[in-house]
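**Student:** Structure: run37.cif, mmCIF, C-alpha atoms.
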```
data_coords
loop_
_atom_site.label_atom_id
_atom_site.label_comp_id
_atom_site.auth_asym_id
_atom_site.auth_seq_id
_atom_site.Cartn_x
_atom_site.Cartn_y
_atom_site.Cartn_z
CA MET A 1 -41.10 -147.15 64.09
CA LYS A 2 -42.67 -150.56 63.64
CA HIS A 3 -46.37 -151.17 64.14
CA LYS A 4 -47.82 -154.45 65.21
CA ALA A 5 -50.40 -156.25 63.13
CA ILE A 6 -54.01 -156.63 64.15
CA LEU A 7 -54.42 -160.27 65.13
CA SER A 8 -57.44 -162.51 65.18
CA PRO A 9 -58.24 -164.13 68.51
CA GLY A 10 -56.55 -167.49 69.02
CA LEU A 11 -58.58 -168.60 72.02
CA PHE A 12 -62.34 -169.12 72.27
CA PHE A 13 -64.77 -170.57 74.68
CA ILE A 14 -67.71 -171.88 72.74
CA GLY A 15 -70.52 -173.12 74.92
CA ASP A 16 -68.66 -174.93 77.66
CA GLU A 17 -65.52 -175.88 75.74
CA LEU A 18 -62.26 -174.00 75.43
CA LYS A 19 -60.71 -174.08 71.95
CA GLY A 20 -57.57 -172.67 70.44
CA GLU A 21 -53.82 -172.95 70.29
CA ASN A 22 -52.12 -174.35 73.39
CA VAL A 23 -55.36 -175.51 75.02
CA SER A 24 -54.84 -178.78 76.86
CA LYS A 25 -57.54 -181.23 77.88
CA SER A 26 -57.37 -183.63 80.81
CA GLN A 27 -59.89 -186.15 82.08
CA ARG A 28 -60.62 -187.68 85.47
CA THR A 29 -62.40 -191.00 85.77
CA LEU A 30 -63.96 -192.45 88.90
CA GLY A 31 -60.81 -194.57 89.16
CA ASP A 32 -58.81 -191.32 89.53
CA LEU A 33 -61.00 -190.28 92.47
CA ALA A 34 -60.27 -193.18 94.81
CA GLY A 35 -60.68 -192.28 98.46
CA ILE A 36 -62.78 -189.11 98.12
CA PHE A 37 -66.23 -190.69 98.40
CA GLU A 38 -67.57 -191.79 101.77
CA ASP A 39 -69.43 -194.92 100.62
CA GLN A 40 -66.52 -197.10 99.53
CA ALA A 41 -68.79 -200.12 98.90
CA ALA A 42 -70.88 -198.12 96.39
CA TYR A 43 -67.68 -196.71 94.87
CA GLY A 44 -66.33 -200.24 94.41
CA ARG A 45 -69.42 -201.23 92.40
CA MET A 46 -68.97 -198.40 89.90
CA PRO A 47 -66.88 -198.71 86.72
CA ALA A 48 -63.42 -197.21 87.31
CA GLU A 49 -63.29 -196.01 83.69
CA GLN A 50 -66.49 -193.90 84.03
CA LEU A 51 -65.72 -190.29 83.15
CA ALA A 52 -66.32 -187.95 86.11
CA TYR A 53 -65.01 -184.68 84.68
CA GLU A 54 -62.80 -183.09 82.07
CA VAL A 55 -60.80 -179.88 82.19
CA TYR A 56 -59.79 -177.59 79.32
CA SER A 57 -56.85 -175.37 80.32
CA TYR A 58 -55.05 -172.44 78.79
CA LEU A 59 -51.73 -171.91 80.57
CA PRO A 60 -49.90 -169.11 78.70
CA GLU A 61 -47.18 -168.68 81.35
CA ARG A 62 -44.74 -171.18 82.84
CA GLU A 63 -46.10 -172.48 86.16
CA GLY A 64 -44.77 -170.38 89.02
CA THR A 65 -44.55 -167.15 86.99
CA PRO A 66 -45.58 -164.24 89.23
CA GLY A 67 -48.20 -161.95 87.72
CA GLY A 68 -49.53 -164.41 85.14
CA LEU A 69 -53.04 -165.81 84.88
CA TYR A 70 -54.40 -169.19 83.87
CA PHE A 71 -57.88 -169.93 82.51
CA GLY A 72 -59.84 -173.16 82.42
CA ILE A 73 -63.25 -174.72 81.91
CA THR A 74 -64.36 -177.84 83.78
CA ARG A 75 -67.20 -180.11 82.65
CA LEU A 76 -68.43 -182.20 85.59
CA TYR A 77 -70.74 -185.08 84.70
CA PRO A 78 -73.88 -185.92 86.68
CA GLY A 79 -73.96 -188.93 88.97
CA LYS A 80 -73.67 -190.12 92.52
CA VAL A 81 -71.63 -192.60 94.49
CA GLY A 82 -74.13 -193.78 97.07
CA ASN A 83 -75.87 -190.56 98.08
CA GLU A 84 -72.83 -188.34 97.38
CA TYR A 85 -72.71 -186.30 94.17
CA PHE A 86 -69.87 -186.57 91.64
CA MET A 87 -67.23 -184.01 92.53
CA THR A 88 -63.83 -182.66 91.66
CA LYS A 89 -60.82 -183.69 93.75
CA GLY A 90 -60.56 -180.37 95.56
CA HIS A 91 -57.44 -178.48 96.58
CA PHE A 92 -55.78 -175.66 98.45
CA HIS A 93 -53.28 -173.55 96.55
CA ARG A 94 -49.59 -174.20 97.22
CA LEU A 95 -49.11 -170.44 97.66
CA GLU A 96 -51.85 -170.06 100.25
CA ASP A 97 -52.52 -166.36 99.73
CA ARG A 98 -53.59 -166.87 96.08
CA ALA A 99 -57.28 -166.35 95.26
CA GLU A 100 -59.31 -167.66 92.32
CA TYR A 101 -62.57 -166.97 90.48
CA TYR A 102 -65.10 -169.58 89.35
CA TRP A 103 -68.22 -168.80 87.34
CA GLY A 104 -71.10 -171.00 86.24
CA LEU A 105 -71.65 -171.68 82.54
CA GLU A 106 -74.17 -174.53 82.40
CA GLY A 107 -76.04 -176.84 84.77
CA GLU A 108 -76.32 -176.69 88.52
CA GLY A 109 -74.09 -177.64 91.37
CA MET A 110 -72.33 -176.48 94.49
CA LEU A 111 -68.93 -174.97 95.17
CA ILE A 112 -67.77 -176.41 98.49
CA LEU A 113 -65.29 -174.27 100.42
CA MET A 114 -63.25 -175.01 103.57
CA ASP A 115 -60.98 -172.63 105.47
CA ARG A 116 -57.89 -173.54 107.50
CA GLU A 117 -59.99 -173.92 110.68
CA ARG A 118 -61.96 -176.59 108.72
CA ASN A 119 -65.14 -174.48 108.63
CA THR A 120 -67.02 -175.64 105.53
CA TRP A 121 -69.77 -173.95 103.51
CA ALA A 122 -71.24 -174.25 100.02
CA GLU A 123 -72.40 -171.82 97.34
CA ARG A 124 -74.91 -172.72 94.64
CA MET A 125 -73.44 -172.71 91.12
CA VAL A 126 -75.74 -171.87 88.20
CA PRO A 127 -75.19 -170.26 84.79
CA GLY A 128 -73.92 -166.73 85.38
CA SER A 129 -73.05 -167.14 89.07
CA LEU A 130 -69.67 -165.69 90.05
CA HIS A 131 -67.66 -167.11 92.96
CA TYR A 132 -64.63 -165.50 94.59
CA ILE A 133 -62.43 -168.05 96.36
CA PRO A 134 -60.12 -166.27 98.82
CA GLY A 135 -56.58 -167.40 99.50
CA GLY A 136 -56.24 -170.08 102.18
CA VAL A 137 -59.58 -171.69 101.27
CA ALA A 138 -59.82 -175.21 99.83
CA HIS A 139 -62.40 -175.71 97.10
CA ARG A 140 -64.14 -178.46 95.15
CA VAL A 141 -67.27 -178.59 93.01
CA THR A 142 -70.17 -181.07 92.99
CA ASN A 143 -72.76 -181.60 90.28
CA THR A 144 -76.23 -181.65 91.86
CA GLY A 145 -78.15 -181.62 88.57
CA SER A 146 -79.14 -184.15 85.95
CA GLY A 147 -76.97 -182.70 83.16
CA ILE A 148 -73.37 -181.58 82.81
CA LEU A 149 -72.24 -178.81 85.15
CA SER A 150 -69.66 -176.59 83.49
CA PHE A 151 -67.81 -173.71 85.04
CA ALA A 152 -64.88 -171.48 84.15
CA ALA A 153 -61.96 -170.56 86.39
CA CYS A 154 -59.20 -167.97 86.45
CA TRP A 155 -56.25 -168.28 88.84
CA PRO A 156 -52.70 -166.95 89.26
CA SER A 157 -50.02 -168.88 87.38
CA ASP A 158 -47.91 -169.09 90.54
CA ALA A 159 -50.72 -170.43 92.80
CA GLY A 160 -49.97 -174.13 92.35
CA HIS A 161 -52.26 -176.92 93.57
CA ASN A 162 -52.09 -178.81 96.85
CA TYR A 163 -54.23 -181.89 96.17
CA GLU A 164 -52.34 -184.03 98.67
CA GLU A 165 -53.69 -182.34 101.79
CA ILE A 166 -57.29 -182.87 100.69
CA ALA A 167 -56.53 -186.45 99.63
CA ASN A 168 -55.11 -187.15 103.11
CA GLU A 169 -57.42 -185.07 105.33
CA GLY A 170 -60.56 -184.62 103.22
CA PHE A 171 -63.10 -181.85 103.72
CA SER A 172 -64.81 -181.48 107.11
CA ALA A 173 -68.27 -181.80 105.49
CA ARG A 174 -69.78 -183.69 102.58
CA LEU A 175 -72.55 -182.71 100.18
CA ILE A 176 -75.07 -185.53 100.03
CA GLU A 177 -78.53 -185.99 98.58
CA GLU A 178 -81.09 -186.36 101.34
CA ASN A 179 -84.79 -186.70 100.42
CA GLY A 180 -84.01 -185.37 96.93
CA THR A 181 -82.23 -182.25 98.22
CA PRO A 182 -78.51 -181.43 98.54
CA LYS A 183 -77.45 -181.18 102.20
CA LEU A 184 -74.07 -180.26 103.65
CA ARG A 185 -73.33 -182.82 106.39
#
```
Take the structure in the file and give it back as structure tokens.

**Tutor:**
Amino acid sequence: MKHKAILSPGLFFIGDELKGENVSKSQRTLGDLAGIFEDQAAYGRMPAEQLAYEVYSYLPEREGTPGGLYFGITRLYPGKVGNEYFMTKGHFHRLEDRAEYYWGLEGEGMLILMDRERNTWAERMVPGSLHYIPGGVAHRVTNTGSGILSFAACWPSDAGHNYEEIANEGFSARLIEENGTPKLR
């Protein structure tokens, strides 16, 4: 009989960063977010190279593997385009019945959700908040604070991402700042 060794952890999240073997990091600039903000004139005046958010991902399974899980941390920078907060691109899952969890690590923001009937609602994100995103619900995050908003996510490795539908159709409501307060409009 062979016994396995006791291993040290190879993956850590320290503060709001994910570190370890096979962790990838991607970045999105404002230039990568063309078409998602309502005020295109204000968007055009902003530097395309300005960092909007970065994502640390740990993907231990090949994409499409049933039964696997992925883990990630997103750091969304503060800012606005016109009166609309910086946000992630937003997506449905390619396999529509796949759910996901988000939880707040740092900062404050809103998780915006939209079902297939285009009903839209938002949930406040703060450190320690836990958000269940059911299958068939599109989701994106906005940073409503003055510092970085970071949140973690866990999703099935076979879920996939459908960014195209949101890029083409958008969400049915937008989160804007009105009189210093976030409002879903």

**Student:** Quick one: of A:Trp103, A:Phe151, A:Tyr58, A:Trp121, who's nearest to A:Ser172, counting all atoms listed in the file?

**Tutor:**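 Smallest separation from A:Ser172 among the options: A:Trp121.
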
**Student:** Counting all atoms listed in the file, which residues come within 6 Å of (-72.5, -184.8, 83.4), with the point read in the file's coordinates, and could you list them as a PyMOL selection string?

**Tutor:** chain A and resi 76-78+147-148

**Student:** Run the PyMOL selection byres ((chain A and resi 175-183) around 6) on the file and write out the hits as an MDAnalysis selection string.

**Tutor:** chainID A and resid 83:84 174 184

**Student:** The PyMOL selection byres ((chain A and resi 32-34) around 10) - which residues does that actually catch in the file I just gave you? List them as a list of chain:residue names.

**Tutor:**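 Selected by the PyMOL selection byres ((chain A and resi 32-34) around 10) in this file: A:Gln27, A:Arg28, A:Thr29, A:Leu30, A:Gly31, A:Gly35, A:Ile36, A:Phe37, A:Gln40, A:Tyr43, A:Gly44, A:Ala48, A:Glu49, A:Gln50, A:Leu51, A:Ala52, A:Phe86, A:Met87, A:Thr88, A:Lys89, A:Ala167.
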
**Student:** Go ahead and write the selection's residues with C-alpha atoms as a PDB file, in the frame of the given file.

**Tutor:**
```
ATOM      1  CA  GLN A  27     -59.890-186.150  82.080  1.00  0.00           C
ATOM      2  CA  ARG A  28     -60.620-187.680  85.470  1.00  0.00           C
ATOM      3  CA  THR A  29     -62.400-191.000  85.770  1.00  0.00           C
ATOM      4  CA  LEU A  30     -63.960-192.450  88.900  1.00  0.00           C
ATOM      5  CA  GLY A  31     -60.810-194.570  89.160  1.00  0.00           C
ATOM      6  CA  GLY A  35     -60.680-192.280  98.460  1.00  0.00           C
ATOM      7  CA  ILE A  36     -62.780-189.110  98.120  1.00  0.00           C
ATOM      8  CA  PHE A  37     -66.230-190.690  98.400  1.00  0.00           C
ATOM      9  CA  GLN A  40     -66.520-197.100  99.530  1.00  0.00           C
ATOM     10  CA  TYR A  43     -67.680-196.710  94.870  1.00  0.00           C
ATOM     11  CA  GLY A  44     -66.330-200.240  94.410  1.00  0.00           C
ATOM     12  CA  ALA A  48     -63.420-197.210  87.310  1.00  0.00           C
ATOM     13  CA  GLU A  49     -63.290-196.010  83.690  1.00  0.00           C
ATOM     14  CA  GLN A  50     -66.490-193.900  84.030  1.00  0.00           C
ATOM     15  CA  LEU A  51     -65.720-190.290  83.150  1.00  0.00           C
ATOM     16  CA  ALA A  52     -66.320-187.950  86.110  1.00  0.00           C
ATOM     17  CA  PHE A  86     -69.870-186.570  91.640  1.00  0.00           C
ATOM     18  CA  MET A  87     -67.230-184.010  92.530  1.00  0.00           C
ATOM     19  CA  THR A  88     -63.830-182.660  91.660  1.00  0.00           C
ATOM     20  CA  LYS A  89     -60.820-183.690  93.750  1.00  0.00           C
ATOM     21  CA  ALA A 167     -56.530-186.450  99.630  1.00  0.00           C
TER      22      ALA A 167
END
```

**Student:** Using the chain letters and numbers from the file, give me the residues hit by the PyMOL selection byres ((chain A and resi 123-125) around 10), as a ChimeraX atom specification.

**Tutor:** /A:102-113,121-122,126-131,141-144,149-151

**Student:** Could you list, as a list in words, every residue within 7 Å of A:Ile166, counting only C-alpha atoms and ignoring same-chain residues fewer than 4 positions away?

**Tutor:**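 Everything that qualifies: Gly90, His91, Gly170 and Phe171 of chain A.
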
**Student:** How many Å separate atom CA of A:Arg118 from atom CA of A:Glu96?

**Tutor:**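 Separation between atom CA of A:Arg118 and atom CA of A:Glu96: 14.7 Å.
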
**Student:** Rounded to one decimal, what separation in Å do you get between atom CA of A:Thr65 and atom CA of A:Cys154?

**Tutor:**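 Between these atoms lies a distance of 14.7 Å.
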
**Student:** List the residues sitting within 8 Å of (-51.7, -167.3, 94.2) in the file's frame, using only C-alpha atoms, as a list in words.

**Tutor:**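 Counting only C-alpha atoms, I find these residues within 8 Å of (-51.7, -167.3, 94.2): His93, Arg94, Leu95, Glu96, Asp97, Arg98, Ala99, Glu100, Gly135, Trp155, Pro156, Ser157, Asp158, Ala159 and Gly160 of chain A.
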
**Student:** With C-alpha atoms retained, export the selected residues as a PDB file, in the coordinates of the input.

**Tutor:**
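Final output, saved to part-v5.pdb:
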```pdb
ATOM      1  CA  HIS A  93     -53.280-173.550  96.550  1.00  0.00           C
ATOM      2  CA  ARG A  94     -49.590-174.200  97.220  1.00  0.00           C
ATOM      3  CA  LEU A  95     -49.110-170.440  97.660  1.00  0.00           C
ATOM      4  CA  GLU A  96     -51.850-170.060 100.250  1.00  0.00           C
ATOM      5  CA  ASP A  97     -52.520-166.360  99.730  1.00  0.00           C
ATOM      6  CA  ARG A  98     -53.590-166.870  96.080  1.00  0.00           C
ATOM      7  CA  ALA A  99     -57.280-166.350  95.260  1.00  0.00           C
ATOM      8  CA  GLU A 100     -59.310-167.660  92.320  1.00  0.00           C
ATOM      9  CA  GLY A 135     -56.580-167.400  99.500  1.00  0.00           C
ATOM     10  CA  TRP A 155     -56.250-168.280  88.840  1.00  0.00           C
ATOM     11  CA  PRO A 156     -52.700-166.950  89.260  1.00  0.00           C
ATOM     12  CA  SER A 157     -50.020-168.880  87.380  1.00  0.00           C
ATOM     13  CA  ASP A 158     -47.910-169.090  90.540  1.00  0.00           C
ATOM     14  CA  ALA A 159     -50.720-170.430  92.800  1.00  0.00           C
ATOM     15  CA  GLY A 160     -49.970-174.130  92.350  1.00  0.00           C
TER      16      GLY A 160
END
```

**Student:** Within 7 Å of A:Gly20, counting all atoms listed in the file, which residues show up once you throw out same-chain ones fewer than 4 positions away? Write them as a PyMOL selection string, please.

**Tutor:** chain A and resi 10-12

**Student:** Keeping C-alpha atoms, export the residues of the selection given above as a PDB file, keeping the file's coordinate frame.

**Tutor:**
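Saved result, result-v4.pdb, follows:
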```
ATOM      1  CA  GLY A  10     -56.550-167.490  69.020  1.00  0.00           C
ATOM      2  CA  LEU A  11     -58.580-168.600  72.020  1.00  0.00           C
ATOM      3  CA  PHE A  12     -62.340-169.120  72.270  1.00  0.00           C
TER       4      PHE A  12
END
```

**Student:** Which residues are near A:Asn22? Cut-off 12 Å, only C-alpha atoms, ignore same chain within fewer than 3 positions. Put them as a list in words.

**Tutor:**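 Using only C-alpha atoms, the neighbours found are Gly10, Leu11, Phe12, Leu18, Lys19, Lys25, Tyr56, Ser57, Tyr58, Leu59, Pro60, Glu61, Tyr70, Phe71 and Gly72 of chain A.
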
**Student:** To one decimal in Å, tell me the separation between atom CA of A:Tyr163 and atom CA of A:Asn119.

**Tutor:**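 Computed distance, atom CA of A:Tyr163 to atom CA of A:Asn119, equals 18.1 Å.
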
**Student:** Restricting the calculation to all atoms listed in the file, which member of A:Asp39, A:Glu169, A:Asp16, A:Asp115 is positioned closest to A:Ile73?

**Tutor:**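 Of A:Asp39, A:Glu169, A:Asp16, A:Asp115, the one nearest A:Ile73 is A:Asp16, counting all atoms listed in the file.
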
**Student:** Nearest to A:Glu164: which of A:Ala138, A:Gly15, A:Ser146, A:Arg62 is it, counting all atoms listed in the file?

**Tutor:**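 Between A:Ala138, A:Gly15, A:Ser146, A:Arg62, the residue approaching A:Glu164 most closely is A:Ala138.
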
**Student:** I'd like to know which of A:Arg185, A:Gly68, A:Tyr101, A:Ala42 is closest to A:Lys80, using all atoms listed in the file.

**Tutor:**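 With all atoms listed in the file as the atom set, the closest residue is A:Ala42.
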